[in-house]
>>> print(open('coords10.cif').read())   # mmCIF, C-alpha atoms
data_structure
#
loop_
_atom_site.label_atom_id
_atom_site.label_comp_id
_atom_site.auth_asym_id
_atom_site.auth_seq_id
_atom_site.Cartn_x
_atom_site.Cartn_y
_atom_site.Cartn_z
CA MET H 3 -48.23 62.63 60.50
CA ILE H 4 -50.32 59.46 60.58
CA VAL H 5 -47.80 57.52 58.49
CA THR H 6 -44.97 58.73 60.72
CA LEU H 7 -46.88 57.61 63.79
CA ILE H 8 -47.48 54.17 62.24
CA VAL H 9 -43.73 53.82 61.68
CA ILE H 10 -43.06 54.95 65.26
CA CYS H 11 -45.58 52.41 66.58
CA GLU H 12 -44.01 49.60 64.56
CA VAL H 13 -40.49 50.49 65.70
CA GLY H 14 -41.77 50.97 69.24
CA PHE H 15 -43.33 47.50 69.19
CA TRP H 16 -40.00 45.85 68.47
CA VAL H 17 -38.09 48.10 70.87
CA LEU H 18 -40.47 47.32 73.73
CA LEU H 19 -40.41 43.64 72.81
CA ALA H 20 -36.62 43.51 72.86
CA ALA H 21 -36.49 45.48 76.10
CA GLY H 22 -39.10 43.31 77.78
CA LEU H 23 -37.45 40.04 76.80
CA GLY H 24 -34.00 41.39 77.69
CA LEU H 25 -35.16 42.41 81.15
CA ARG H 26 -36.90 39.06 81.64
CA TYR H 27 -34.09 36.73 80.56
CA LEU H 28 -30.83 38.73 80.62
CA ALA H 29 -31.37 41.07 83.56
CA LYS H 30 -33.36 38.43 85.47
CA MET H 31 -36.17 40.92 86.12
CA PRO H 32 -39.29 39.02 84.99
CA ARG H 33 -41.84 41.37 86.55
CA THR H 34 -40.22 44.45 85.06
CA GLY H 35 -40.00 42.72 81.69
CA ALA H 36 -43.68 41.81 81.86
CA ALA H 37 -44.55 45.42 82.74
CA VAL H 38 -42.65 46.64 79.67
CA LEU H 39 -44.50 44.16 77.46
CA LEU H 40 -47.79 45.33 78.91
CA CYS H 41 -47.05 48.79 77.51
CA GLU H 42 -47.19 47.52 73.93
CA PRO H 43 -50.99 47.74 73.47
CA LEU H 44 -50.73 51.42 74.39
CA LEU H 45 -49.05 52.05 71.04
CA GLU H 46 -52.21 51.05 69.17
CA VAL H 47 -54.33 53.13 71.55
CA VAL H 48 -52.18 56.20 70.85
CA LEU H 49 -52.44 55.62 67.10
CA LEU H 50 -56.22 55.25 67.32
CA VAL H 51 -56.62 58.41 69.40
CA VAL H 52 -54.42 60.47 67.07
CA THR H 53 -56.32 59.20 64.02
CA VAL H 54 -59.66 60.16 65.58
CA LEU H 55 -58.36 63.59 66.58
CA ASP H 56 -57.06 64.13 63.05
CA LEU H 57 -60.52 63.42 61.61
CA ARG H 58 -62.20 65.61 64.21
CA ALA H 59 -59.87 68.46 63.28
CA GLY H 60 -61.37 68.39 59.79
CA ALA H 61 -58.83 66.30 57.89
CA ASP H 62 -60.21 64.56 54.82
CA PRO H 63 -60.19 60.77 55.25
CA ASP H 64 -57.58 59.26 52.95
CA TRP H 65 -55.33 56.23 52.59
CA LYS H 66 -53.34 57.16 55.72
CA HIS H 67 -56.38 56.77 57.98
CA GLY H 68 -57.27 53.49 56.26
CA LEU H 69 -53.74 52.21 56.72
CA ALA H 70 -53.86 53.12 60.42
CA ALA H 71 -57.05 51.08 60.88
CA VAL H 72 -55.58 48.06 59.08
CA TYR H 73 -52.38 48.32 61.13
CA ILE H 74 -54.34 48.38 64.39
CA GLY H 75 -56.36 45.34 63.30
CA TYR H 76 -53.24 43.42 62.27
CA THR H 77 -51.33 44.10 65.48
CA ALA H 78 -54.37 43.29 67.61
CA ALA H 79 -54.72 39.91 65.86
CA PHE H 80 -51.07 38.91 65.49
CA GLY H 81 -49.22 40.94 68.11
CA HIS H 82 -49.82 38.50 70.96
CA TYR H 83 -48.96 35.56 68.71
CA THR H 84 -45.66 37.23 67.77
CA VAL H 85 -44.78 38.03 71.37
CA ARG H 86 -45.52 34.48 72.49
CA TRP H 87 -43.45 32.98 69.67
CA LEU H 88 -40.44 35.21 70.34
CA ASP H 89 -40.73 34.69 74.09
CA GLY H 90 -40.40 30.95 73.60
CA HIS H 91 -37.26 31.41 71.53
CA ALA H 92 -35.79 33.92 74.00
CA ARG H 93 -36.43 31.53 76.89
CA HIS H 94 -34.63 28.76 75.00
CA ARG H 95 -31.69 30.86 73.75
CA LEU H 96 -31.10 33.11 76.74
CA ALA H 97 -32.35 31.21 79.75
CA GLY H 98 -31.64 27.57 78.87
CA GLY H 99 -35.32 26.72 78.59
CA PRO H 100 -36.75 23.90 76.49
CA PRO H 101 -36.91 24.33 72.72
CA PRO H 102 -40.09 26.13 71.64
CA VAL H 103 -42.82 23.97 70.22
CA LYS H 104 -42.70 24.06 66.43
CA PRO H 105 -45.92 24.27 64.43
CA PRO H 106 -46.95 21.01 62.78
CA ARG H 107 -45.76 20.51 59.23
CA PHE H 108 -48.02 17.83 57.83
CA GLY H 109 -51.49 16.34 57.78
CA ALA H 110 -54.57 17.40 59.72
CA ALA H 111 -52.46 19.08 62.40
CA ARG H 112 -50.95 21.43 59.81
CA ALA H 113 -54.41 22.13 58.41
CA ARG H 114 -55.71 23.08 61.87
CA HIS H 115 -52.72 25.35 62.38
CA GLU H 116 -53.36 27.13 59.09
CA VAL H 117 -57.05 27.54 59.88
CA LYS H 118 -56.19 29.10 63.26
CA LEU H 119 -53.89 31.58 61.54
CA TRP H 120 -56.67 32.38 59.08
CA LEU H 121 -59.04 33.03 61.98
CA ARG H 122 -56.55 35.58 63.27
CA THR H 123 -56.67 37.26 59.88
CA VAL H 124 -60.46 37.25 60.06
CA ALA H 125 -60.33 38.87 63.51
CA GLY H 126 -57.82 41.50 62.41
CA ALA H 127 -59.74 42.32 59.24
CA GLY H 128 -62.99 42.47 61.20
CA LEU H 129 -61.55 44.95 63.68
CA ALA H 130 -60.03 47.06 60.91
CA SER H 131 -63.31 47.07 58.96
CA ALA H 132 -65.23 48.06 62.09
CA LEU H 133 -62.89 50.99 62.75
CA LEU H 134 -63.16 52.06 59.12
CA GLN H 135 -66.95 51.85 59.27
CA VAL H 136 -66.97 54.07 62.36
CA GLY H 137 -64.94 56.57 60.35
CA VAL H 138 -67.42 56.36 57.48
CA TRP H 139 -70.35 57.03 59.81
CA TYR H 140 -68.51 59.84 61.56
CA VAL H 141 -67.66 61.74 58.37
CA ASP H 142 -71.05 60.88 56.81
CA ASP H 143 -70.04 61.86 53.29
CA PRO H 144 -69.72 59.04 50.72
CA GLU H 145 -67.54 61.14 48.42
CA ARG H 146 -65.02 61.85 51.20
CA THR H 147 -64.98 58.33 52.62
CA ALA H 148 -64.31 56.40 49.41
CA SER H 149 -60.73 55.71 50.50
CA LEU H 150 -61.95 54.21 53.79
CA THR H 151 -64.37 51.85 52.06
CA SER H 152 -61.61 50.83 49.65
CA TRP H 153 -59.53 49.72 52.64
CA GLN H 154 -62.50 47.65 53.80
CA GLY H 155 -62.33 45.92 50.44
CA PHE H 156 -58.61 45.34 50.96
CA ALA H 157 -59.32 43.72 54.35
CA GLY H 158 -61.95 41.50 52.77
CA ARG H 159 -59.59 40.40 50.00
CA ALA H 160 -56.91 39.56 52.56
CA VAL H 161 -59.39 37.30 54.37
CA LEU H 162 -60.41 35.64 51.10
CA ILE H 163 -56.84 35.01 49.88
CA HIS H 164 -55.66 33.68 53.24
CA GLY H 165 -58.81 31.56 53.44
CA VAL H 166 -58.03 29.94 50.09
CA ILE H 167 -54.51 29.14 51.31
CA ALA H 168 -55.83 27.62 54.55
CA LEU H 169 -58.48 25.66 52.67
CA SER H 170 -55.83 24.16 50.41
CA TYR H 171 -54.21 22.55 53.46
CA VAL H 172 -57.59 21.14 54.50
CA LEU H 173 -58.46 19.73 51.08
CA TRP H 174 -54.97 18.60 50.15
CA PRO H 175 -53.11 17.87 53.39
CA LYS H 176 -49.37 18.18 53.09
CA LYS H 177 -47.64 14.81 53.45
CA PRO H 178 -44.03 14.00 54.37
CA LYS H 179 -41.91 12.67 51.54
CA GLY H 180 -41.19 9.42 53.34
CA GLY H 181 -44.85 8.78 54.08
CA GLY H 182 -44.20 8.76 57.83
CA GLU H 183 -46.01 10.68 60.48
CA GLY H 184 -43.90 13.81 60.01
CA ASN H 185 -45.33 15.56 63.05
CA ALA H 186 -43.61 13.31 65.59
CA PRO H 187 -40.62 15.64 66.20
CA GLU H 188 -42.92 18.57 66.91
CA ALA H 189 -45.09 16.46 69.20
CA ALA H 190 -42.04 15.21 71.08
CA ALA H 191 -40.74 18.75 71.46
CA GLY H 192 -44.12 19.82 72.79
CA ALA H 193 -44.17 17.01 75.31
CA GLY H 194 -40.72 17.89 76.59
CA ALA H 195 -41.33 21.62 76.70
CA GLY H 196 -44.06 21.53 79.30
CA LYS H 197 -46.85 23.98 79.92
CA ASP H 198 -44.53 26.89 80.62
CA ALA H 199 -43.18 26.78 77.08
CA VAL H 200 -46.57 27.37 75.53
CA ARG H 201 -47.72 29.95 78.05
CA PRO H 202 -44.85 32.45 78.27
CA VAL H 203 -44.97 36.01 79.50
CA GLY H 204 -46.57 37.13 76.25
CA ASP H 205 -49.88 35.77 77.57
CA ARG H 206 -49.76 38.41 80.28
CA ALA H 207 -48.82 41.16 77.89
CA GLY H 208 -52.31 41.49 76.49
CA ARG H 209 -51.11 41.02 72.91
#
>>> encode(input="coords10.cif", output="structure tokens")
Amino acid sequence: MIVTLIVICEVGFWVLLAAGLGLRYLAKMPRTGAAVLLCEPLLEVVLLVVTVLDLRAGADPDWKHGLAAVYIGYTAAFGHYTVRWLDGHARHRLAGGPPPVKPPRFGAARARHEVKLWLRTVAGAGLASALLQVGVWYVDDPERTASLTSWQGFAGRAVLIHGVIALSYVLWPKKPKGGGEGNAPEAAAGAGAGKDAVRPVGDRAGR
């Protein structure tokens, strides 16, 4: 049941996202589109509530409950980022808006971008680990909660691996082949896009 609900939440995320952006840019109903996007966090709330109820009903904690916690942490950390990125592309493709600002490709700017992404991973893993720890305390039986603690280890390894990747960009900044600035096109796009391009409706969607 938990795995099925995770799949439903993932599909529901993309369905609501498509519906919200379609209403905003195709149907010219920005407020309705924003309201649809605001419903997306409810999917994680439903998953959390069902997981808690499943444990309260006496279900043994296993990999499904751990996966649910990790999924909630991931969507909480990266859901808003995904909505904002897709909103920028939808505005450009469907409403004639400016091209979305591309992430920097080289140098210190790229390193900062990678570190910010890593911090999102830290936040997501932290939330997942906290939810798992609550489950461990609630069940209060080390033999039954081994699967939950193993998922905490998985979250920690994800932070470590992503951290190594981000650190590599800091220690060995990526350079353009020609030796030029390399980030100029992205900077120019950002200057032409204006503030609206970097603060789309996703900011109001709570993701």
>>> closest_residue(input="coords10.cif", among="H:Gly68, H:Pro178, H:Gly90, H:Gly128", to="H:Ile8", atoms="only C-alpha atoms")
H:Gly68
>>> atom_distance(input="coords10.cif", atom1="atom CA of H:Leu134", atom2="atom CA of H:Gln154")
6.9 Å
>>> resolve_selection(input="coords10.cif", expression="the PyMOL selection byres ((chain H and resi 48) around 12)", output="VMD selection string")
chain H and resid 4 7 to 8 10 to 11 14 41 to 47 49 to 55 70 74
>>> atom_distance(input="coords10.cif", atom1="atom CA of H:Asp143", atom2="atom CA of H:Phe156")
20.2 Å
>>> atom_distance(input="coords10.cif", atom1="atom CA of H:Thr123", atom2="atom CA of H:His82")
13.1 Å
>>> decode(input="coords10.cif", residues="stretch 93-107 of chain H", atoms="N, CA, C and O atoms", output="compact mmCIF listing (two decimals), in the first residue's frame")
# COMPACT_ATOMS: atom_id res chain seq x y z
N ARG H 93 6.85 29.44 -19.17
CA ARG H 93 6.63 30.86 -19.47
C ARG H 93 7.27 31.24 -20.80
O ARG H 93 6.70 31.97 -21.60
N HIS H 94 8.46 30.69 -21.05
CA HIS H 94 9.18 31.00 -22.29
C HIS H 94 8.53 30.33 -23.50
O HIS H 94 8.33 30.97 -24.55
N ARG H 95 8.16 29.06 -23.36
CA ARG H 95 7.64 28.29 -24.49
C ARG H 95 6.18 28.62 -24.80
O ARG H 95 5.77 28.66 -25.97
N LEU H 96 5.39 28.84 -23.76
CA LEU H 96 3.95 28.96 -23.96
C LEU H 96 3.42 30.39 -23.90
O LEU H 96 2.35 30.66 -24.45
N ALA H 97 4.16 31.26 -23.25
CA ALA H 97 3.66 32.62 -23.08
C ALA H 97 4.58 33.68 -23.66
O ALA H 97 4.38 34.88 -23.43
N GLY H 98 5.60 33.27 -24.42
CA GLY H 98 6.49 34.24 -25.04
C GLY H 98 7.35 35.01 -24.07
O GLY H 98 7.82 36.10 -24.38
N GLY H 99 7.59 34.44 -22.90
CA GLY H 99 8.43 35.10 -21.91
C GLY H 99 9.89 34.99 -22.26
O GLY H 99 10.28 34.32 -23.23
N PRO H 100 10.73 35.65 -21.48
CA PRO H 100 12.18 35.59 -21.74
C PRO H 100 12.72 34.19 -21.49
O PRO H 100 12.13 33.42 -20.73
N PRO H 101 13.83 33.84 -22.12
CA PRO H 101 14.43 32.53 -21.87
C PRO H 101 14.79 32.36 -20.39
O PRO H 101 15.24 33.32 -19.76
N PRO H 102 14.57 31.19 -19.83
CA PRO H 102 14.93 31.00 -18.42
C PRO H 102 16.43 31.11 -18.22
O PRO H 102 17.22 30.79 -19.10
N VAL H 103 16.79 31.57 -17.05
CA VAL H 103 18.21 31.73 -16.73
C VAL H 103 18.84 30.35 -16.58
O VAL H 103 18.36 29.50 -15.83
N LYS H 104 19.91 30.12 -17.31
CA LYS H 104 20.60 28.84 -17.23
C LYS H 104 21.59 28.85 -16.07
O LYS H 104 22.15 29.89 -15.74
N PRO H 105 21.80 27.72 -15.44
CA PRO H 105 22.80 27.67 -14.37
C PRO H 105 24.19 27.90 -14.95
O PRO H 105 24.45 27.57 -16.11
N PRO H 106 25.08 28.47 -14.18
CA PRO H 106 26.44 28.71 -14.67
C PRO H 106 27.15 27.40 -14.97
O PRO H 106 26.87 26.37 -14.34
N ARG H 107 28.06 27.45 -15.92
CA ARG H 107 28.74 26.24 -16.35
C ARG H 107 30.18 26.14 -15.87
O ARG H 107 30.74 25.04 -15.81
